[in-house]
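A.B. asks: Got my_file-v5.txt for you, compact mmCIF, C-alpha atoms and all ligand atoms:
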# COMPACT_ATOMS: atom_id res chain seq x y z
CA MET A 1 1.54 3.36 -6.69
CA LYS A 2 -0.29 0.32 -5.46
CA ASN A 3 -3.81 1.17 -6.65
CA LEU A 4 -5.47 3.77 -8.87
CA ILE A 5 -8.65 4.84 -7.11
CA SER A 6 -8.96 8.62 -7.36
CA MET A 7 -7.23 11.54 -9.05
CA ARG A 8 -7.02 13.01 -5.55
CA ASP A 9 -4.43 10.39 -4.63
CA ILE A 10 -2.08 10.93 -7.51
CA SER A 11 0.61 13.57 -7.73
CA LYS A 12 1.77 15.69 -10.64
CA GLU A 13 4.86 13.45 -10.80
CA ASP A 14 2.69 10.31 -11.05
CA ILE A 15 0.72 11.90 -13.88
CA LEU A 16 3.86 12.80 -15.84
CA LYS A 17 5.38 9.40 -15.25
CA LEU A 18 2.29 7.56 -16.53
CA ILE A 19 2.08 9.82 -19.58
CA ASP A 20 5.71 9.11 -20.33
CA SER A 21 5.29 5.38 -20.06
CA ALA A 22 2.04 5.40 -22.14
CA ASN A 23 4.00 7.21 -24.80
CA LYS A 24 6.86 4.68 -24.66
CA ILE A 25 4.38 1.81 -24.94
CA GLU A 26 2.61 3.45 -27.89
CA THR A 27 5.81 4.15 -29.78
CA GLY A 28 7.26 0.71 -29.05
CA LYS A 29 10.21 2.11 -27.08
CA ILE A 30 9.40 -0.30 -24.26
CA LYS A 31 7.75 -3.69 -24.24
CA VAL A 32 5.86 -4.81 -21.17
CA ASP A 33 5.14 -8.46 -20.52
CA MET A 34 2.02 -9.48 -18.62
CA SER A 35 2.01 -13.09 -19.80
CA GLY A 36 0.88 -15.59 -17.19
CA LYS A 37 -1.08 -12.92 -15.33
CA LEU A 38 -4.83 -12.55 -15.01
CA ALA A 39 -6.96 -9.42 -14.62
CA ALA A 40 -10.53 -9.55 -13.24
CA LEU A 41 -12.81 -7.08 -14.99
CA LEU A 42 -15.63 -6.65 -12.49
CA PHE A 43 -18.25 -4.44 -14.13
CA PHE A 44 -21.03 -4.42 -11.55
CA GLU A 45 -22.28 -1.47 -13.58
CA PRO A 46 -21.97 -2.36 -17.26
CA SER A 47 -20.00 -0.06 -19.59
CA THR A 48 -19.18 -1.60 -22.93
CA ARG A 49 -16.54 0.92 -23.99
CA THR A 50 -14.55 1.03 -20.79
CA HIS A 51 -14.77 -2.75 -20.56
CA PHE A 52 -13.44 -3.24 -24.12
CA SER A 53 -10.70 -0.69 -23.59
CA PHE A 54 -9.38 -2.45 -20.48
CA GLU A 55 -9.72 -5.86 -22.10
CA THR A 56 -7.73 -4.66 -25.10
CA ALA A 57 -5.07 -3.15 -22.85
CA VAL A 58 -4.60 -6.39 -20.87
CA LYS A 59 -4.49 -8.56 -23.99
CA LYS A 60 -2.01 -6.27 -25.76
CA LEU A 61 0.24 -6.65 -22.73
CA GLY A 62 0.02 -10.43 -23.17
CA GLY A 63 -2.17 -10.97 -20.11
CA ASN A 64 -5.53 -12.63 -19.75
CA THR A 65 -8.89 -11.44 -18.50
CA PHE A 66 -11.74 -12.82 -16.49
CA SER A 67 -14.92 -10.81 -16.97
CA MET A 68 -18.11 -10.17 -15.13
CA SER A 69 -20.76 -7.71 -16.21
CA GLY A 70 -23.92 -6.63 -14.44
CA THR A 71 -25.13 -7.90 -11.11
CA SER A 72 -27.26 -10.81 -12.30
CA SER A 73 -24.45 -13.22 -13.11
CA THR A 74 -22.88 -12.94 -9.72
CA SER A 75 -23.38 -13.87 -6.15
CA VAL A 76 -24.43 -10.27 -5.54
CA LYS A 77 -27.97 -11.50 -6.11
CA LYS A 78 -27.60 -14.22 -3.50
CA GLY A 79 -26.83 -11.59 -0.90
CA GLU A 80 -23.08 -12.18 -0.60
CA THR A 81 -21.32 -9.04 0.58
CA LEU A 82 -19.15 -7.16 -1.89
CA SER A 83 -16.24 -7.77 0.42
CA ASP A 84 -16.64 -11.58 0.23
CA THR A 85 -17.04 -11.49 -3.55
CA LEU A 86 -13.87 -9.42 -3.88
CA MET A 87 -11.86 -11.51 -1.42
CA THR A 88 -12.74 -14.70 -3.28
CA ILE A 89 -11.93 -13.31 -6.71
CA SER A 90 -8.66 -11.86 -5.44
CA MET A 91 -7.55 -15.43 -4.72
CA TYR A 92 -7.65 -16.20 -8.45
CA VAL A 93 -6.28 -13.12 -10.18
CA ASP A 94 -3.38 -10.64 -10.12
CA ILE A 95 -5.26 -7.36 -10.45
CA ILE A 96 -8.87 -6.21 -10.07
CA ILE A 97 -10.49 -3.61 -12.33
CA ILE A 98 -13.81 -2.58 -10.84
CA ARG A 99 -16.73 -0.45 -11.98
CA HIS A 100 -19.62 0.01 -9.58
CA ILE A 101 -22.64 2.26 -9.24
CA ILE A 102 -21.87 2.71 -5.52
CA GLU A 103 -19.54 5.61 -4.70
CA GLY A 104 -16.44 4.55 -2.81
CA ALA A 105 -16.73 0.91 -3.93
CA ALA A 106 -13.29 0.94 -5.55
CA ARG A 107 -11.58 2.42 -2.48
CA PHE A 108 -13.35 -0.14 -0.34
CA ALA A 109 -12.16 -2.88 -2.73
CA SER A 110 -8.56 -1.68 -2.47
CA GLU A 111 -8.74 -1.89 1.32
CA THR A 112 -10.33 -5.32 1.21
CA VAL A 113 -7.96 -7.25 -1.08
CA ASN A 114 -4.19 -7.63 -1.18
CA ILE A 115 -3.76 -7.19 -4.93
CA PRO A 116 -3.80 -3.93 -6.94
CA VAL A 117 -7.19 -2.37 -7.74
CA ILE A 118 -8.07 0.03 -10.57
CA ASN A 119 -11.21 2.15 -10.33
CA ALA A 120 -13.04 2.00 -13.67
CA GLY A 121 -15.76 4.34 -12.39
CA ASP A 122 -17.61 4.52 -9.04
CA GLY A 123 -21.04 6.13 -9.36
CA THR A 124 -20.84 9.90 -9.77
CA ASN A 125 -17.47 9.99 -8.04
CA GLN A 126 -14.25 9.14 -9.91
CA HIS A 127 -13.12 7.64 -13.19
CA PRO A 128 -9.36 8.17 -12.98
CA THR A 129 -8.29 6.18 -16.05
CA GLN A 130 -10.56 8.41 -18.16
CA ALA A 131 -8.93 11.51 -16.65
CA MET A 132 -5.49 10.02 -17.34
CA LEU A 133 -6.27 9.23 -20.97
CA ASP A 134 -7.67 12.74 -21.40
CA LEU A 135 -4.43 14.16 -20.02
CA TYR A 136 -2.42 11.92 -22.32
CA SER A 137 -4.47 13.12 -25.30
CA ILE A 138 -3.92 16.74 -24.34
CA GLN A 139 -0.19 16.20 -23.87
CA LYS A 140 0.07 14.47 -27.27
CA THR A 141 -1.79 17.19 -29.16
CA GLN A 142 -0.31 20.21 -27.39
CA GLY A 143 3.17 18.95 -26.58
CA SER A 144 2.70 19.98 -22.94
CA LEU A 145 0.08 20.20 -20.20
CA ASN A 146 1.26 23.62 -19.04
CA ASN A 147 -0.49 26.98 -19.49
CA LEU A 148 -3.30 25.76 -21.78
CA THR A 149 -6.65 27.42 -22.43
CA VAL A 150 -9.33 24.78 -22.07
CA GLY A 151 -13.05 25.13 -22.81
CA MET A 152 -15.48 22.66 -21.25
CA VAL A 153 -18.90 22.50 -22.85
CA GLY A 154 -22.21 20.82 -22.04
CA ASP A 155 -23.46 19.26 -18.82
CA LEU A 156 -20.78 20.33 -16.39
CA ARG A 157 -22.86 19.68 -13.28
CA LEU A 158 -23.07 15.90 -13.51
CA GLY A 159 -20.20 15.18 -15.87
CA ARG A 160 -17.74 13.22 -13.77
CA THR A 161 -15.09 13.34 -16.51
CA VAL A 162 -14.98 17.15 -16.65
CA HIS A 163 -14.71 17.33 -12.85
CA SER A 164 -11.70 15.02 -12.72
CA LEU A 165 -10.07 16.69 -15.69
CA ALA A 166 -10.50 20.19 -14.25
CA GLN A 167 -8.93 19.03 -10.99
CA ALA A 168 -6.09 17.16 -12.68
CA LEU A 169 -5.21 20.08 -14.96
CA SER A 170 -5.20 22.51 -12.06
CA ASP A 171 -1.60 21.54 -11.29
CA PHE A 172 -0.57 22.86 -14.71
CA ASN A 173 -1.71 26.49 -14.65
CA PRO A 174 -4.66 26.31 -17.07
CA THR A 175 -7.19 28.97 -18.06
CA PHE A 176 -10.70 27.52 -18.11
CA TYR A 177 -13.93 28.50 -19.84
CA PHE A 178 -16.98 26.62 -18.64
CA ALA A 179 -19.93 26.83 -21.04
CA SER A 180 -23.20 25.27 -19.93
CA PRO A 181 -26.89 26.01 -19.42
CA ARG A 182 -27.29 27.85 -16.13
CA HIS A 183 -28.63 24.91 -14.13
CA LEU A 184 -25.93 22.54 -15.41
CA GLN A 185 -22.94 24.63 -14.29
CA MET A 186 -19.75 23.30 -12.75
CA PRO A 187 -20.54 22.41 -9.12
CA ALA A 188 -19.43 24.73 -6.32
CA TYR A 189 -17.02 22.22 -4.78
CA ILE A 190 -14.99 22.04 -7.99
CA LYS A 191 -14.97 25.84 -8.33
CA ASP A 192 -13.90 26.13 -4.67
CA ASP A 193 -10.94 23.82 -5.35
CA LEU A 194 -9.96 25.90 -8.39
CA LYS A 195 -10.24 29.17 -6.46
CA ALA A 196 -8.09 27.76 -3.68
CA LYS A 197 -5.40 27.05 -6.30
CA ASN A 198 -5.77 30.47 -7.97
CA ILE A 199 -6.87 28.97 -11.28
CA LYS A 200 -8.46 31.41 -13.75
CA PHE A 201 -11.92 30.34 -14.88
CA THR A 202 -14.92 32.02 -16.49
CA GLU A 203 -18.46 30.69 -16.74
CA LEU A 204 -20.35 31.37 -19.97
CA GLU A 205 -23.59 30.34 -21.54
CA ASP A 206 -22.11 30.33 -25.03
CA ILE A 207 -18.63 29.16 -26.00
CA LYS A 208 -18.69 31.00 -29.37
CA GLU A 209 -17.04 34.21 -28.20
CA VAL A 210 -13.93 32.49 -26.85
CA MET A 211 -13.42 29.82 -29.52
CA HIS A 212 -10.39 31.57 -31.05
CA THR A 213 -8.52 31.50 -27.70
CA LEU A 214 -8.92 27.76 -27.00
CA ASP A 215 -6.26 25.08 -27.23
CA ILE A 216 -8.66 22.31 -26.19
CA MET A 217 -12.43 22.03 -26.16
CA TYR A 218 -13.84 19.19 -24.06
CA VAL A 219 -17.45 18.39 -24.99
CA THR A 220 -19.96 16.41 -22.92
CA ARG A 221 -23.50 15.42 -23.66
CA ILE A 222 -26.52 17.37 -22.42
CA GLN A 223 -29.30 14.93 -21.74
CA LYS A 224 -32.86 15.93 -22.43
CA GLU A 225 -33.91 14.16 -19.21
CA ARG A 226 -32.00 16.74 -17.16
CA PHE A 227 -34.55 19.41 -18.08
CA ALA A 228 -37.80 19.68 -16.19
CA VAL A 229 -39.39 21.66 -19.00
CA LEU A 230 -38.84 20.46 -22.56
CA GLU A 231 -39.02 24.03 -23.91
CA ASP A 232 -35.98 24.93 -21.82
CA TYR A 233 -34.06 22.13 -23.49
CA GLU A 234 -35.18 23.21 -26.95
CA LYS A 235 -34.04 26.75 -26.18
CA VAL A 236 -30.48 25.84 -25.20
CA LYS A 237 -29.68 22.66 -27.10
CA ASP A 238 -28.27 24.35 -30.21
CA SER A 239 -25.86 26.48 -28.22
CA TYR A 240 -24.07 23.32 -27.15
CA ILE A 241 -23.81 21.55 -30.48
CA ILE A 242 -20.38 21.75 -32.04
CA THR A 243 -20.49 22.22 -35.80
CA LYS A 244 -17.79 22.66 -38.43
CA LYS A 245 -18.92 26.26 -38.82
CA LEU A 246 -18.27 27.01 -35.14
CA LEU A 247 -14.65 25.94 -35.62
CA GLU A 248 -13.85 28.65 -38.18
CA GLY A 249 -10.94 30.76 -36.99
CA VAL A 250 -9.72 28.49 -34.19
CA LYS A 251 -6.03 28.13 -33.34
CA LYS A 252 -3.93 25.73 -35.40
CA ASN A 253 -3.23 23.45 -32.46
CA PHE A 254 -6.92 23.41 -31.42
CA LYS A 255 -8.51 19.99 -30.75
CA VAL A 256 -11.99 18.77 -29.82
CA LEU A 257 -12.16 16.01 -27.18
CA HIS A 258 -15.19 13.98 -26.09
CA PRO A 259 -15.36 10.96 -23.75
CA LEU A 260 -17.79 9.16 -26.14
CA PRO A 261 -20.36 7.92 -26.87
CA ARG A 262 -21.69 11.05 -28.53
CA VAL A 263 -25.27 11.52 -29.64
CA ASN A 264 -25.65 14.78 -31.55
CA GLU A 265 -23.45 17.21 -29.62
CA ILE A 266 -20.72 17.11 -32.26
CA THR A 267 -21.98 17.06 -35.84
CA LYS A 268 -20.60 14.52 -38.30
CA ASP A 269 -18.95 17.20 -40.47
CA VAL A 270 -16.51 17.95 -37.62
CA ASP A 271 -15.11 14.40 -37.92
CA ASP A 272 -13.29 15.21 -41.16
CA THR A 273 -11.59 18.33 -39.83
CA GLU A 274 -8.07 18.33 -38.42
CA TYR A 275 -9.58 19.41 -35.10
CA ALA A 276 -11.51 16.21 -34.35
CA TYR A 277 -9.57 14.09 -31.90
CA TYR A 278 -12.19 11.99 -30.06
CA PHE A 279 -11.50 8.69 -31.80
CA GLN A 280 -7.73 8.98 -31.32
CA GLN A 281 -8.57 9.89 -27.71
CA ALA A 282 -10.30 6.51 -27.32
CA ARG A 283 -7.24 4.83 -28.84
CA ASN A 284 -4.97 6.67 -26.42
CA GLY A 285 -7.05 5.13 -23.64
CA VAL A 286 -5.68 1.70 -24.41
CA PHE A 287 -2.03 2.86 -24.16
CA MET A 288 -2.72 4.74 -20.95
CA ARG A 289 -4.48 1.74 -19.40
CA GLN A 290 -1.54 -0.46 -20.44
CA ALA A 291 0.80 1.97 -18.69
CA ILE A 292 -1.34 2.01 -15.52
CA ILE A 293 -1.57 -1.79 -15.33
CA ALA A 294 2.17 -2.12 -15.94
CA GLU A 295 2.91 0.37 -13.17
CA LEU A 296 0.60 -1.25 -10.60
CA LEU A 297 1.77 -4.79 -11.35
CA ASN A 298 5.39 -3.63 -11.48
CA LEU A 299 5.79 -5.42 -14.79
CA GLU A 300 9.22 -5.75 -16.36
CA LYS A 301 9.81 -3.24 -19.09
CA HIS A 302 12.41 -3.83 -21.76
CA MET B 303 -33.97 35.52 45.55
CA LYS B 304 -30.44 36.84 45.60
CA LYS B 305 -29.73 39.17 42.75
CA LYS B 306 -26.40 37.70 41.80
CA GLN B 307 -26.66 33.98 41.73
CA LEU B 308 -23.82 31.65 40.82
CA LYS B 309 -25.11 29.98 37.72
CA VAL B 310 -22.83 26.97 37.82
CA ASP B 311 -20.92 25.98 40.90
CA PRO B 312 -17.12 25.86 40.64
CA ILE B 313 -15.45 22.47 40.66
CA LYS B 314 -12.48 21.39 42.71
CA THR B 315 -10.63 19.27 40.19
CA GLY B 316 -11.68 18.31 36.70
CA THR B 317 -12.47 19.73 33.28
CA VAL B 318 -14.64 22.61 32.17
CA ILE B 319 -15.76 22.70 28.55
CA ASP B 320 -16.56 26.36 28.02
CA HIS B 321 -17.87 28.40 25.08
CA ILE B 322 -19.86 25.53 23.62
CA THR B 323 -22.15 26.81 20.84
CA ALA B 324 -25.51 27.50 22.50
CA GLY B 325 -27.77 24.46 22.22
CA LYS B 326 -24.97 21.95 21.57
CA ALA B 327 -24.21 20.93 25.17
CA LEU B 328 -26.45 17.89 25.13
CA GLN B 329 -24.80 16.61 22.00
CA VAL B 330 -21.39 17.11 23.60
CA ALA B 331 -22.66 15.34 26.71
CA GLU B 332 -23.69 12.42 24.55
CA ILE B 333 -20.18 12.06 23.10
CA LEU B 334 -18.72 12.02 26.58
CA ASN B 335 -21.24 9.37 27.56
CA ILE B 336 -21.89 11.21 30.79
CA SER B 337 -25.14 9.47 31.62
CA ASN B 338 -23.03 6.41 32.45
CA SER B 339 -20.40 8.40 34.25
CA GLU B 340 -19.64 8.29 37.97
CA SER B 341 -18.40 11.88 38.01
CA GLU B 342 -20.35 14.88 39.18
CA ILE B 343 -21.40 16.81 36.13
CA MET B 344 -23.02 20.19 35.62
CA VAL B 345 -24.51 21.24 32.33
CA GLY B 346 -25.45 24.85 31.62
CA ILE B 347 -27.48 25.79 28.57
CA ASN B 348 -28.04 29.25 27.07
CA LEU B 349 -25.86 31.05 29.62
CA TYR B 350 -24.94 34.67 29.07
CA SER B 351 -21.56 35.18 27.40
CA LYS B 352 -19.85 38.47 26.68
CA LYS B 353 -18.10 36.98 23.64
CA MET B 354 -20.88 34.86 22.20
CA GLY B 355 -24.13 36.28 23.47
CA LYS B 356 -25.27 32.85 24.54
CA LYS B 357 -23.22 29.78 25.27
CA ASP B 358 -23.40 26.34 26.83
CA ILE B 359 -20.98 24.98 29.40
CA ILE B 360 -20.19 21.57 30.90
CA LYS B 361 -18.25 20.97 34.09
CA ILE B 362 -17.01 17.50 34.92
CA GLU B 363 -15.51 16.65 38.27
CA ASN B 364 -12.46 14.35 38.32
CA ARG B 365 -12.19 13.57 34.68
CA GLU B 366 -9.67 14.29 31.95
CA LEU B 367 -10.72 14.05 28.34
CA SER B 368 -8.92 11.93 25.79
CA GLU B 369 -7.62 13.59 22.64
CA GLU B 370 -10.28 11.80 20.62
CA GLU B 371 -13.04 13.08 22.90
CA ALA B 372 -11.71 16.60 22.67
CA GLY B 373 -11.52 16.36 18.87
CA SER B 374 -15.11 15.19 18.64
CA ILE B 375 -16.24 18.13 20.78
CA ALA B 376 -14.48 20.52 18.40
CA LEU B 377 -16.42 19.02 15.49
CA ILE B 378 -19.73 19.76 17.17
CA SER B 379 -18.68 23.11 18.54
CA PRO B 380 -15.50 24.59 17.04
CA THR B 381 -15.64 27.50 19.51
CA ALA B 382 -15.31 25.29 22.58
CA THR B 383 -12.44 25.81 24.99
CA LEU B 384 -11.12 23.36 27.54
CA ILE B 385 -10.21 24.48 31.04
CA ILE B 386 -8.36 22.13 33.34
CA ILE B 387 -8.98 22.84 37.02
CA GLU B 388 -6.93 21.66 39.96
CA ASN B 389 -7.80 22.71 43.47
CA TYR B 390 -10.23 25.37 42.25
CA LYS B 391 -7.47 26.91 40.13
CA VAL B 392 -7.21 27.06 36.36
CA VAL B 393 -4.04 25.23 35.40
CA ARG B 394 -4.55 25.13 31.64
CA LYS B 395 -6.95 26.77 29.19
CA PHE B 396 -6.96 26.08 25.47
CA PHE B 397 -8.91 25.94 22.23
CA ILE B 398 -9.53 22.52 20.81
CA ASP B 399 -8.32 21.84 17.28
CA VAL B 400 -10.70 20.15 14.91
CA PRO B 401 -9.00 16.84 14.02
CA GLU B 402 -7.68 16.35 10.46
CA LYS B 403 -9.01 12.79 10.37
CA ILE B 404 -12.24 11.52 11.90
CA LYS B 405 -12.72 7.76 12.13
CA HIS B 406 -16.04 6.02 12.87
CA HIS B 407 -18.09 8.86 14.30
CA ILE B 408 -19.58 10.59 11.26
CA ILE B 409 -22.35 8.91 9.28
CA CYS B 410 -22.01 9.71 5.57
CA PRO B 411 -25.18 11.51 4.39
CA ASN B 412 -24.77 10.11 0.86
CA PRO B 413 -27.13 7.12 0.57
CA ASN B 414 -25.14 5.90 -2.44
CA CYS B 415 -21.88 5.75 -0.43
CA ILE B 416 -20.31 2.35 0.19
CA THR B 417 -20.15 3.08 3.94
CA ASN B 418 -23.95 2.95 4.02
CA ILE B 419 -24.00 -0.39 2.21
CA GLU B 420 -21.09 -2.55 3.37
CA SER B 421 -20.09 -2.74 6.98
CA VAL B 422 -17.07 -0.49 6.93
CA PRO B 423 -16.20 2.24 9.45
CA THR B 424 -16.40 5.73 7.97
CA LEU B 425 -13.36 7.95 7.59
CA PHE B 426 -13.66 11.69 7.03
CA PHE B 427 -11.02 14.32 6.41
CA LEU B 428 -11.25 17.94 7.44
CA ALA B 429 -11.95 19.94 4.26
CA GLY B 430 -12.62 23.44 5.58
CA LYS B 431 -12.38 25.22 8.92
CA ASN B 432 -14.71 28.18 8.98
CA PRO B 433 -17.35 26.79 8.80
CA VAL B 434 -16.12 23.26 9.43
CA GLU B 435 -16.45 21.01 6.38
CA VAL B 436 -15.56 17.33 6.11
CA ARG B 437 -14.97 15.04 3.14
CA CYS B 438 -15.84 11.34 3.05
CA SER B 439 -12.74 9.36 2.09
CA TYR B 440 -14.92 6.84 0.21
CA CYS B 441 -17.50 8.74 -1.88
CA GLU B 442 -15.36 11.94 -1.65
CA LYS B 443 -18.45 14.12 -1.14
CA LYS B 444 -17.97 17.21 1.01
CA TYR B 445 -20.40 18.24 3.77
CA PHE B 446 -20.84 21.03 6.27
CA ILE B 447 -20.53 19.61 9.76
CA GLU B 448 -24.03 20.99 10.46
CA ASP B 449 -25.43 18.59 7.88
CA VAL B 450 -23.96 15.32 9.17
CA LYS B 451 -25.17 12.95 11.86
CA PHE B 452 -22.88 11.37 14.41
CA SER B 453 -22.72 7.97 15.98
CA PHE B 454 -20.78 7.51 19.20
ZN ZN A 501 -19.41 8.81 1.75
Do you think you could lay out the structure here as structure tokens?
Ligand SMILES: [Zn+2]

C.D. replies:
Amino acid sequence: MKNLISMRDISKEDILKLIDSANKIETGKIKVDMSGKLAALLFFEPSTRTHFSFETAVKKLGGNTFSMSGTSSTSVKKGETLSDTLMTISMYVDIIIIRHIIEGAARFASETVNIPVINAGDGTNQHPTQAMLDLYSIQKTQGSLNNLTVGMVGDLRLGRTVHSLAQALSDFNPTFYFASPRHLQMPAYIKDDLKAKNIKFTELEDIKEVMHTLDIMYVTRIQKERFAVLEDYEKVKDSYIITKKLLEGVKKNFKVLHPLPRVNEITKDVDDTEYAYYFQQARNGVFMRQAIIAELLNLEKH
Amino acid sequence: MKKKQLKVDPIKTGTVIDHITAGKALQVAEILNISNSESEIMVGINLYSKKMGKKDIIKIENRELSEEEAGSIALISPTATLIIIENYKVVRKFFIDVPEKIKHHIICPNPNCITNIESVPTLFFLAGKNPVEVRCSYCEKKYFIEDVKFSF
């Protein structure tokens, strides 16, 4: 692997290899040394959490970061092309981590510069390190990625993370339940991909009836702004809020995941149950990002 | 007027693009840049076809098409067939395959795609055959070929 741009580019073998090395980094079985190397964190679209997570990953590997956030501090304002900005920065650093509102910006970056590029989110398109940390979290809690029953809840139409995760899991024979308001359903192109791979999925308006069958529930936020009529939002909002009560009778290995930040879609009383996993999930993100950086920079492991 | 009139004259040597989706001949002609061509060219639009009901046809004297040209024609009209004529005889007749990879010629309809912002040639991959669908390699959005614009 030279870059990490899209889950479409990475194979099942790549996924398993990265999970294995994230696990070895987390458990201290291998040490990776990035000292003397510099990562550029180019957040043309700001995202505090993803930014911190990458910064932590680089620093824990012993590397250094160079950060940029938003478009105001850069030459973007002066009308310099993205390609010139990237070329210049690539002269100073060893790896570029880029987040941009424009779709395809990360792929374009990887074709422009001669150093590795990691996509930290490009518009509504891809966010592969999020998908990889989700997979790592699932592997850790379930012991395997194979044959799992996964419920996805909330805004499935615009949720980039659920799209990537559904696609990534489709190599591992999952059974999916997609629970969302009718106009926020999983988009047709994702369902087409799943059908082409013979993946079993069911669309529901309420997740309640299948709770006891789930191994994983992945929750995303439903934004009020997505509803044209406020009454419609009021009608559905409670069906997509995860409470401690809803979790009665779930399987022992059941876990709730969420990409964070949450607003009110998971109530606070869920946090204290053995099923809450979203904060550990964020922690897993650091190990996974360490593993990805180590792989792309071909860092020595010992 | 004679009852049976030859709609398009036969050519001696050259290429016939037959079974073009009715109404698409002018677009095909544009790809082949025939307005700047020296060859004799005949374009038939909305001709009767047993198979298709209506079809378009283009006959070009003394010209062979490149693979890229043929591929682009297939994108616009997947039903098109190529007939190579030598000395008034058909020497080869074949369907054109839609190419797996299309460089430059498709404009990405997504206004938020990098190809509409930086100067970078587009690259699309074939994503479905019936009907033809293509996927932008940059923004990864998928489109029906009917919904995209071309630039040649
Ligand atoms: Zn595009």

A.B. asks: As a compact mmCIF listing (two decimals) with C-alpha atoms, in the frame of the given file, please: the residues near Val450 of chain B (cut-off 10 Å, all atoms listed in the file, same-chain neighbours under 6 positions excluded).

C.D. replies:
# COMPACT_ATOMS: atom_id res chain seq x y z
CA ILE B 408 -19.58 10.59 11.26
CA ILE B 409 -22.35 8.91 9.28
CA CYS B 410 -22.01 9.71 5.57
CA PRO B 411 -25.18 11.51 4.39
CA ASN B 412 -24.77 10.11 0.86
CA GLU B 435 -16.45 21.01 6.38
CA VAL B 436 -15.56 17.33 6.11

A.B. asks: Please identify every residue of chain A that has at least one atom no farther than 12 Å from an atom of ligand ZN 501 (chain A), counting only C-alpha atoms and all ligand atoms, and for each give the shortest atom pair and the distance in Å to one decimal, arranged by chain then increasing number, as a Markdown table.

C.D. replies:
| residue | atom | partner | partner_atom | distance |
| --- | --- | --- | --- | --- |
| A:Ile102 | CA | A:ZN501 | ZN | 9.8 |
| A:Glu103 | CA | A:ZN501 | ZN | 7.2 |
| A:Gly104 | CA | A:ZN501 | ZN | 6.9 |
| A:Ala105 | CA | A:ZN501 | ZN | 10.1 |
| A:Arg107 | CA | A:ZN501 | ZN | 11.0 |
| A:Phe108 | CA | A:ZN501 | ZN | 11.0 |
| A:Asp122 | CA | A:ZN501 | ZN | 11.8 |
| A:Gly123 | CA | A:ZN501 | ZN | 11.5 |
| A:Thr124 | CA | A:ZN501 | ZN | 11.7 |
| A:Asn125 | CA | A:ZN501 | ZN | 10.0 |

A.B. asks: Could you give me, as JSON, numbers by chain, the residues within 8 Å of Tyr177 of chain A, counting all atoms listed in the file and dropping anything in the same chain fewer than 5 positions from it?

C.D. replies: {"A": [149, 150, 151, 152, 201, 202, 203, 204, 207]}

A.B. asks: Give one line per residue of chain B that approaches chain A to at most 6 Å, naming the two atoms of the closest pair and their distance in Å to one decimal, counting only C-alpha atoms; sort by chain then ascending residue number and deliver it as a tab-separated table.

C.D. replies:
residue	atom	partner	partner_atom	distance
B:Asn414	CA	A:Ile102	CA	5.5
B:Cys415	CA	A:Glu103	CA	4.9
B:Ile416	CA	A:Gly104	CA	5.4
B:Tyr440	CA	A:Gly104	CA	4.1
B:Cys441	CA	A:Gly104	CA	4.4

A.B. asks: For Tyr350 of chain B, work out the shell of residues within 12 Å, counting only C-alpha atoms and skipping chain neighbours fewer than 2 positions away, then give it as number ranges by chain.

C.D. replies: B: 309-310, 320-324, 346-348, 352-359

A.B. asks: For a quick check of understanding, using only C-alpha atoms, which of A:Asn198, A:Asn64, A:Asn173, A:Thr161 has the smallest distance to Thr220 of chain A?

C.D. replies: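 Looking only at the distances to Thr220 of chain A, the closest residue turns out to be A:Thr161.
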
A.B. asks: Give me the residues near Asp94 of chain A as number ranges by chain, where near means some atom within 12 Å (using only C-alpha atoms) and where sequence neighbours in that chain fewer than 3 positions away do not count.

C.D. replies: A: 34-41, 58, 63-66, 89-91, 97, 113-118, 293-294, 296-299

A.B. asks: Can you tell me which residues surround segment 432-434 of chain B at a distance of at most 10 Å, considering only C-alpha atoms, apart from same-chain residues fewer than 6 positions away, and format the answer as a VMD selection string?

C.D. replies: chain B and resid 376 to 380 400 445 to 448

A.B. asks: Using all atoms of segment 310-321 of chain B listed in the file and a margin of 4 Å per side, can you give the axis-aligned box centre and edge lengths in Å to one decimal, as lines of an AutoDock Vina configuration file?

C.D. replies:
center_x = -16.7
center_y = 23.4
center_z = 33.9
size_x = 20.2
size_y = 18.1
size_z = 25.6

A.B. asks: Mind listing as number ranges by chain all residues within 8 Å of (-4.5, 24.1, -20.7), counting only C-alpha atoms?

C.D. replies: A: 145-150, 169, 172-176, 215-216

A.B. asks: Find, counting only C-alpha atoms, the residue in A:Ala282, A:Met87, A:Ile138, A:Met7 that gets nearest to Ser164 of chain A.

C.D. replies: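 Smallest distance to Ser164 of chain A is found for A:Met7.
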